[in-house]
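Enquirer: Structure provided below as structure tokens; questions to follow.
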Amino acid sequence: MEYTVREASDPGISFYLPRGRITIFKTTLAALGYPDNFRFLLDNDKRQLAIEGCSFGAVGSHQLKKIPEGHSLDIISKDMVRFIYQTCDWESDSTYRIMGITMPNRKMVVFDLNSAQKLS
């Protein structure tokens with residue numbers, strides 16, 4: 001079995017298809033600076049997903065609900081999660097976690113979907 005060492009401060013995201021759940025880790029929210037609004041950017045060809053802090057009027061903008069600092073954010077989007085699972089050919093009954101790379105100059109965290117770790 002292969003293990004990956006990660007720092008507790010690394011930004012991350014996870015996906016769970018049966019519930020259509022996307023969990024944005026608290027470290028990702030902190031790396032983004034807890035923006036008022038954010039959006040998902042997907043590069044299908046490179047299999048990369050980014051979360052970007054953005055303005056209220058930006059295309060695809062979602063308001064970040066008020067959550068206590070130090071908590072993760074769960075988003076339910078069955079269509080988006082299903083699309084990602086199909087694109088990446090992931091097993092439908094498994095949870096996948098991906099660690100991200102922070103791009104502070106863009107208020108963005110980028111996730112390489114090819115590096116997803118299957119958890120269950």
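Chain labels follow the order of the structure tokens: the first chain is A, the next B, and so on; residue numbering restarts at 1 in every chain, and ligands are counted from 1 in their shown order.
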As a list in words, please: the residues near region 74-89 of chain A (cut-off 8 Å, only C-alpha atoms, same-chain neighbours under 5 positions excluded).
Expert: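 Answer for this query is Phe15, Tyr16, Leu17, Arg19, Gly20, Arg21, Ile22, Thr23, Ile24, Asn44, Arg47, Leu113 and Asn114 of chain A.
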Enquirer: Those selected residues, please, written with N, CA, C and O atoms and delivered as a compact mmCIF listing (two decimals), in the first residue's frame.
Expert:
# COMPACT_ATOMS: atom_id res chain seq x y z
N PHE A 15 -14.44 14.68 -2.84
CA PHE A 15 -15.66 14.44 -3.59
C PHE A 15 -16.26 13.10 -3.16
O PHE A 15 -15.54 12.14 -2.97
N TYR A 16 -17.60 13.08 -3.05
CA TYR A 16 -18.32 11.85 -2.71
C TYR A 16 -19.58 11.79 -3.57
O TYR A 16 -20.53 12.55 -3.34
N LEU A 17 -19.57 10.91 -4.57
CA LEU A 17 -20.64 10.85 -5.55
C LEU A 17 -22.01 10.47 -5.00
O LEU A 17 -23.01 11.10 -5.35
N ARG A 19 -23.66 11.18 -2.54
CA ARG A 19 -24.39 12.34 -1.98
C ARG A 19 -24.19 13.60 -2.81
O ARG A 19 -24.74 14.65 -2.46
N GLY A 20 -23.38 13.51 -3.85
CA GLY A 20 -23.11 14.70 -4.66
C GLY A 20 -22.38 15.77 -3.90
O GLY A 20 -22.54 16.95 -4.16
N ARG A 21 -21.54 15.34 -2.94
CA ARG A 21 -20.92 16.27 -2.01
C ARG A 21 -19.49 16.64 -2.41
O ARG A 21 -18.67 15.78 -2.75
N ILE A 22 -19.22 17.94 -2.33
CA ILE A 22 -17.87 18.48 -2.47
C ILE A 22 -17.53 19.08 -1.13
O ILE A 22 -18.28 19.91 -0.61
N THR A 23 -16.42 18.65 -0.53
CA THR A 23 -15.97 19.24 0.73
C THR A 23 -14.73 20.07 0.46
O THR A 23 -13.72 19.56 -0.01
N ILE A 24 -14.85 21.37 0.71
CA ILE A 24 -13.71 22.28 0.59
C ILE A 24 -13.09 22.38 1.97
O ILE A 24 -13.74 22.82 2.92
N ASN A 44 -11.15 20.72 -18.41
CA ASN A 44 -11.45 19.32 -18.71
C ASN A 44 -10.28 18.60 -19.35
O ASN A 44 -10.00 17.44 -19.03
N ARG A 47 -7.63 18.08 -16.83
CA ARG A 47 -8.20 17.51 -15.62
C ARG A 47 -7.73 18.29 -14.38
O ARG A 47 -7.18 17.72 -13.44
N LEU A 113 -6.78 16.82 -10.77
CA LEU A 113 -7.68 15.69 -10.57
C LEU A 113 -7.01 14.35 -10.84
O LEU A 113 -7.45 13.32 -10.34
N ASN A 114 -5.91 14.38 -11.61
CA ASN A 114 -5.15 13.15 -11.88
C ASN A 114 -4.44 12.64 -10.63
O ASN A 114 -4.04 11.48 -10.56
Enquirer: Could you name the residues that touch Arg39 (chain A) at 10 Å or less, counting only C-alpha atoms, but leaving out those on the same chain fewer than 3 positions away, as an mmCIF file with N, CA, C and O atoms, in the first residue's frame?
Expert:
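Dumped everything to out-v9.cif:
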data_model
loop_
_atom_site.group_PDB
_atom_site.id
_atom_site.type_symbol
_atom_site.label_atom_id
_atom_site.label_comp_id
_atom_site.auth_asym_id
_atom_site.auth_seq_id
_atom_site.Cartn_x
_atom_site.Cartn_y
_atom_site.Cartn_z
ATOM 1 N N LEU A 42 -12.970 24.739 -14.228
ATOM 2 C CA LEU A 42 -12.606 23.375 -14.603
ATOM 3 C C LEU A 42 -11.950 23.381 -15.969
ATOM 4 O O LEU A 42 -12.503 23.923 -16.929
ATOM 5 N N ALA A 50 -10.020 24.411 -10.240
ATOM 6 C CA ALA A 50 -9.532 25.505 -9.401
ATOM 7 C C ALA A 50 -10.709 26.104 -8.654
ATOM 8 O O ALA A 50 -11.847 26.086 -9.135
ATOM 9 N N ILE A 51 -10.420 26.611 -7.475
ATOM 10 C CA ILE A 51 -11.370 27.424 -6.728
ATOM 11 C C ILE A 51 -10.745 28.800 -6.635
ATOM 12 O O ILE A 51 -9.595 28.943 -6.204
ATOM 13 N N GLU A 52 -11.509 29.796 -7.055
ATOM 14 C CA GLU A 52 -10.987 31.153 -7.137
ATOM 15 C C GLU A 52 -11.897 32.108 -6.369
ATOM 16 O O GLU A 52 -13.115 32.082 -6.536
ATOM 17 N N GLY A 53 -11.305 32.939 -5.535
ATOM 18 C CA GLY A 53 -12.052 34.027 -4.932
ATOM 19 C C GLY A 53 -12.392 35.022 -6.021
ATOM 20 O O GLY A 53 -11.564 35.295 -6.889
ATOM 21 N N CYS A 54 -13.623 35.526 -6.032
ATOM 22 C CA CYS A 54 -14.040 36.412 -7.121
ATOM 23 C C CYS A 54 -15.051 37.432 -6.608
ATOM 24 O O CYS A 54 -15.465 37.396 -5.452
ATOM 25 N N SER A 55 -15.473 38.315 -7.491
ATOM 26 C CA SER A 55 -16.468 39.323 -7.139
ATOM 27 C C SER A 55 -17.875 38.735 -7.235
ATOM 28 O O SER A 55 -18.089 37.695 -7.849
ATOM 29 N N PHE A 56 -18.818 39.432 -6.661
ATOM 30 C CA PHE A 56 -20.207 38.993 -6.646
ATOM 31 C C PHE A 56 -20.757 38.781 -8.055
ATOM 32 O O PHE A 56 -21.464 37.826 -8.319
ATOM 33 N N ALA A 58 -19.158 38.046 -10.854
ATOM 34 C CA ALA A 58 -18.371 37.202 -11.755
ATOM 35 C C ALA A 58 -19.186 35.993 -12.211
ATOM 36 O O ALA A 58 -20.016 35.467 -11.470
ATOM 37 N N VAL A 59 -18.955 35.557 -13.439
ATOM 38 C CA VAL A 59 -19.646 34.392 -13.975
ATOM 39 C C VAL A 59 -19.360 33.171 -13.096
ATOM 40 O O VAL A 59 -18.214 32.888 -12.771
ATOM 41 N N GLY A 60 -20.412 32.480 -12.694
ATOM 42 C CA GLY A 60 -20.265 31.276 -11.878
ATOM 43 C C GLY A 60 -20.018 31.542 -10.404
ATOM 44 O O GLY A 60 -19.681 30.625 -9.656
ATOM 45 N N SER A 61 -20.200 32.774 -9.974
ATOM 46 C CA SER A 61 -19.912 33.150 -8.592
ATOM 47 C C SER A 61 -20.900 32.521 -7.612
ATOM 48 O O SER A 61 -22.102 32.452 -7.870
ATOM 49 N N HIS A 62 -20.362 32.040 -6.495
ATOM 50 C CA HIS A 62 -21.161 31.521 -5.389
ATOM 51 C C HIS A 62 -20.793 32.322 -4.149
ATOM 52 O O HIS A 62 -19.617 32.589 -3.911
ATOM 53 N N GLN A 63 -21.785 32.664 -3.361
ATOM 54 C CA GLN A 63 -21.511 33.377 -2.121
ATOM 55 C C GLN A 63 -21.037 32.382 -1.073
ATOM 56 O O GLN A 63 -21.623 31.310 -0.909
ATOM 57 N N LEU A 64 -19.962 32.732 -0.391
ATOM 58 C CA LEU A 64 -19.457 31.884 0.683
ATOM 59 C C LEU A 64 -20.286 32.160 1.922
ATOM 60 O O LEU A 64 -20.237 33.266 2.467
ATOM 61 N N MET A 108 -6.402 31.883 -5.649
ATOM 62 C CA MET A 108 -6.843 30.648 -6.269
ATOM 63 C C MET A 108 -6.096 29.454 -5.685
ATOM 64 O O MET A 108 -4.935 29.578 -5.296
#
Enquirer: Please indicate the distance in Å from CA of Ser72 (chain A) to CA of Asp45 (chain A), rounded to one decimal place.
Expert: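 For CA of Ser72 (chain A) relative to CA of Asp45 (chain A), the distance reads 28.2 Å.
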Enquirer: DSSP on the backbone, then: every residue of region 29-77 of chain A marked alpha helix (DSSP H), written as a list in words.
Expert: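 After running DSSP on the backbone, region 29-77 of chain A has alpha helix (DSSP H) at Leu29, Ala30, Ala31 and Leu32 of chain A.
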Enquirer: Take the selection from the previous step and output its residues with N, CA, C and O atoms, as a tab-separated table (two decimals), in the first residue's frame.
Expert:
chain	number	residue	atom	x	y	z
A	29	LEU	N	-10.04	27.17	2.29
A	29	LEU	CA	-10.73	28.44	2.56
A	29	LEU	C	-9.76	29.47	3.13
A	29	LEU	O	-9.79	30.64	2.74
A	30	ALA	N	-8.88	29.02	4.03
A	30	ALA	CA	-7.88	29.93	4.60
A	30	ALA	C	-6.91	30.41	3.53
A	30	ALA	O	-6.55	31.60	3.50
A	31	ALA	N	-6.48	29.52	2.62
A	31	ALA	CA	-5.57	29.91	1.54
A	31	ALA	C	-6.21	30.93	0.62
A	31	ALA	O	-5.53	31.79	0.07
A	32	LEU	N	-7.54	30.86	0.47
A	32	LEU	CA	-8.26	31.82	-0.35
A	32	LEU	C	-8.56	33.12	0.39
A	32	LEU	O	-9.03	34.08	-0.20
Enquirer: Neighbouring residues of Ser120 (chain A) were defined as those with any atom within 12 Å, considering only C-alpha atoms; residues of the same chain fewer than 3 positions away were excluded. Please report them as number ranges by chain.
Expert: A: 14-17, 90-97, 117
Enquirer: Using CA of Gln48 (chain A) and CA of Asp10 (chain A) as the two end points, give the distance in Å to one decimal.
Expert: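 Going from CA of Gln48 (chain A) over to CA of Asp10 (chain A) covers 17.1 Å.
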Enquirer: Write out as a list in words each polymer residue whose atoms come within 7 Å of Leu49 (chain A), counting only C-alpha atoms; drop sequence neighbours fewer than 4 positions from it.
Expert: Phe40, Leu41, Leu42, Asp43, Val110, Phe111, Asp112 and Leu113 of chain A
Enquirer: Go ahead and save the residues from that selection, with all heavy atoms, as a PDB file, in the first residue's frame.
Expert:
ATOM      1  N   PHE A  40     -15.827  27.911  -9.166  1.00  0.00           N
ATOM      2  CA  PHE A  40     -15.061  26.757  -9.625  1.00  0.00           C
ATOM      3  C   PHE A  40     -14.683  26.995 -11.078  1.00  0.00           C
ATOM      4  O   PHE A  40     -15.495  27.471 -11.872  1.00  0.00           O
ATOM      5  CB  PHE A  40     -15.896  25.477  -9.560  1.00  0.00           C
ATOM      6  CG  PHE A  40     -16.243  25.036  -8.168  1.00  0.00           C
ATOM      7  CD1 PHE A  40     -17.527  25.213  -7.677  1.00  0.00           C
ATOM      8  CD2 PHE A  40     -15.293  24.437  -7.359  1.00  0.00           C
ATOM      9  CE1 PHE A  40     -17.863  24.803  -6.397  1.00  0.00           C
ATOM     10  CE2 PHE A  40     -15.619  24.018  -6.078  1.00  0.00           C
ATOM     11  CZ  PHE A  40     -16.906  24.202  -5.597  1.00  0.00           C
ATOM     12  N   LEU A  41     -13.446  26.653 -11.412  1.00  0.00           N
ATOM     13  CA  LEU A  41     -12.969  26.707 -12.793  1.00  0.00           C
ATOM     14  C   LEU A  41     -12.468  25.308 -13.136  1.00  0.00           C
ATOM     15  O   LEU A  41     -11.638  24.748 -12.417  1.00  0.00           O
ATOM     16  CB  LEU A  41     -11.839  27.725 -12.939  1.00  0.00           C
ATOM     17  CG  LEU A  41     -12.168  29.155 -12.505  1.00  0.00           C
ATOM     18  CD1 LEU A  41     -10.905  30.003 -12.480  1.00  0.00           C
ATOM     19  CD2 LEU A  41     -13.202  29.757 -13.441  1.00  0.00           C
ATOM     20  N   LEU A  42     -12.970  24.739 -14.228  1.00  0.00           N
ATOM     21  CA  LEU A  42     -12.606  23.375 -14.603  1.00  0.00           C
ATOM     22  C   LEU A  42     -11.950  23.381 -15.969  1.00  0.00           C
ATOM     23  O   LEU A  42     -12.503  23.923 -16.929  1.00  0.00           O
ATOM     24  CB  LEU A  42     -13.856  22.489 -14.628  1.00  0.00           C
ATOM     25  CG  LEU A  42     -13.653  21.034 -15.036  1.00  0.00           C
ATOM     26  CD1 LEU A  42     -12.771  20.301 -14.021  1.00  0.00           C
ATOM     27  CD2 LEU A  42     -15.000  20.334 -15.167  1.00  0.00           C
ATOM     28  N   ASP A  43     -10.760  22.782 -16.033  1.00  0.00           N
ATOM     29  CA  ASP A  43     -10.079  22.559 -17.305  1.00  0.00           C
ATOM     30  C   ASP A  43     -10.199  21.064 -17.579  1.00  0.00           C
ATOM     31  O   ASP A  43      -9.458  20.256 -17.004  1.00  0.00           O
ATOM     32  CB  ASP A  43      -8.612  22.991 -17.228  1.00  0.00           C
ATOM     33  CG  ASP A  43      -7.901  22.860 -18.561  1.00  0.00           C
ATOM     34  OD1 ASP A  43      -8.275  21.987 -19.372  1.00  0.00           O
ATOM     35  OD2 ASP A  43      -6.939  23.620 -18.788  1.00  0.00           O
ATOM     36  N   VAL A 110      -5.444  25.454  -6.996  1.00  0.00           N
ATOM     37  CA  VAL A 110      -5.577  24.565  -8.157  1.00  0.00           C
ATOM     38  C   VAL A 110      -5.404  23.118  -7.707  1.00  0.00           C
ATOM     39  O   VAL A 110      -4.485  22.797  -6.943  1.00  0.00           O
ATOM     40  CB  VAL A 110      -4.535  24.921  -9.237  1.00  0.00           C
ATOM     41  CG1 VAL A 110      -4.647  23.980 -10.427  1.00  0.00           C
ATOM     42  CG2 VAL A 110      -4.688  26.366  -9.676  1.00  0.00           C
ATOM     43  N   PHE A 111      -6.293  22.258  -8.220  1.00  0.00           N
ATOM     44  CA  PHE A 111      -6.278  20.834  -7.885  1.00  0.00           C
ATOM     45  C   PHE A 111      -6.096  20.020  -9.153  1.00  0.00           C
ATOM     46  O   PHE A 111      -6.858  20.182 -10.113  1.00  0.00           O
ATOM     47  CB  PHE A 111      -7.596  20.429  -7.212  1.00  0.00           C
ATOM     48  CG  PHE A 111      -7.892  21.214  -5.975  1.00  0.00           C
ATOM     49  CD1 PHE A 111      -8.675  22.353  -6.038  1.00  0.00           C
ATOM     50  CD2 PHE A 111      -7.376  20.827  -4.758  1.00  0.00           C
ATOM     51  CE1 PHE A 111      -8.952  23.091  -4.903  1.00  0.00           C
ATOM     52  CE2 PHE A 111      -7.637  21.560  -3.616  1.00  0.00           C
ATOM     53  CZ  PHE A 111      -8.429  22.692  -3.682  1.00  0.00           C
ATOM     54  N   ASP A 112      -5.103  19.138  -9.147  1.00  0.00           N
ATOM     55  CA  ASP A 112      -4.869  18.230 -10.267  1.00  0.00           C
ATOM     56  C   ASP A 112      -5.705  16.983 -10.021  1.00  0.00           C
ATOM     57  O   ASP A 112      -5.387  16.169  -9.143  1.00  0.00           O
ATOM     58  CB  ASP A 112      -3.380  17.886 -10.357  1.00  0.00           C
ATOM     59  CG  ASP A 112      -3.044  16.947 -11.492  1.00  0.00           C
ATOM     60  OD1 ASP A 112      -3.976  16.512 -12.221  1.00  0.00           O
ATOM     61  OD2 ASP A 112      -1.858  16.629 -11.664  1.00  0.00           O
ATOM     62  N   LEU A 113      -6.781  16.818 -10.770  1.00  0.00           N
ATOM     63  CA  LEU A 113      -7.681  15.694 -10.574  1.00  0.00           C
ATOM     64  C   LEU A 113      -7.006  14.353 -10.840  1.00  0.00           C
ATOM     65  O   LEU A 113      -7.447  13.317 -10.342  1.00  0.00           O
ATOM     66  CB  LEU A 113      -8.933  15.854 -11.451  1.00  0.00           C
ATOM     67  CG  LEU A 113      -9.765  17.110 -11.175  1.00  0.00           C
ATOM     68  CD1 LEU A 113     -10.881  17.238 -12.196  1.00  0.00           C
ATOM     69  CD2 LEU A 113     -10.320  17.105  -9.762  1.00  0.00           C
TER      70      LEU A 113
END
Enquirer: Considering only strand (DSSP E) as DSSP defines it on the backbone, what residues of region 32-111 of chain A qualify? List them as a ChimeraX atom specification.
Expert: /A:37-43,48-53,62-63,73-76,95-103,108-111
Enquirer: Output C-alpha atoms for every residue in that selection, as an mmCIF file, in the first residue's frame.
Expert:
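And here's selection.cif as it stands now:
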data_model
loop_
_atom_site.group_PDB
_atom_site.id
_atom_site.type_symbol
_atom_site.label_atom_id
_atom_site.label_comp_id
_atom_site.auth_asym_id
_atom_site.auth_seq_id
_atom_site.Cartn_x
_atom_site.Cartn_y
_atom_site.Cartn_z
ATOM 1 C CA ASN A 37 -17.570 34.928 -3.230
ATOM 2 C CA PHE A 38 -15.834 32.104 -5.067
ATOM 3 C CA ARG A 39 -16.183 30.080 -8.231
ATOM 4 C CA PHE A 40 -15.061 26.757 -9.625
ATOM 5 C CA LEU A 41 -12.969 26.707 -12.793
ATOM 6 C CA LEU A 42 -12.606 23.375 -14.603
ATOM 7 C CA ASP A 43 -10.079 22.559 -17.305
ATOM 8 C CA GLN A 48 -7.638 20.440 -13.304
ATOM 9 C CA LEU A 49 -10.113 22.136 -11.004
ATOM 10 C CA ALA A 50 -9.532 25.505 -9.401
ATOM 11 C CA ILE A 51 -11.370 27.424 -6.728
ATOM 12 C CA GLU A 52 -10.987 31.153 -7.137
ATOM 13 C CA GLY A 53 -12.052 34.027 -4.932
ATOM 14 C CA HIS A 62 -21.161 31.521 -5.389
ATOM 15 C CA GLN A 63 -21.511 33.377 -2.121
ATOM 16 C CA LEU A 73 -17.526 23.783 3.643
ATOM 17 C CA ASP A 74 -19.794 21.114 2.161
ATOM 18 C CA ILE A 75 -21.458 21.847 -1.157
ATOM 19 C CA ILE A 76 -24.043 19.587 -2.765
ATOM 20 C CA THR A 95 -14.486 9.123 -1.871
ATOM 21 C CA TYR A 96 -11.593 10.992 -3.506
ATOM 22 C CA ARG A 97 -9.336 13.605 -1.945
ATOM 23 C CA ILE A 98 -7.010 15.968 -3.778
ATOM 24 C CA MET A 99 -4.420 18.284 -2.327
ATOM 25 C CA GLY A 100 -4.095 21.672 -3.972
ATOM 26 C CA ILE A 101 -1.517 24.253 -4.872
ATOM 27 C CA THR A 102 -2.110 27.828 -3.701
ATOM 28 C CA MET A 103 -1.710 30.680 -6.161
ATOM 29 C CA MET A 108 -6.843 30.648 -6.269
ATOM 30 C CA VAL A 109 -6.162 27.039 -5.303
ATOM 31 C CA VAL A 110 -5.577 24.565 -8.157
ATOM 32 C CA PHE A 111 -6.278 20.834 -7.885
#
Enquirer: What separation in Å, quoted to one decimal, exists between CA of Ile13 (chain A) and CA of Ser115 (chain A)?
Expert: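 Rounded to one decimal, the two atoms are 11.8 Å apart.
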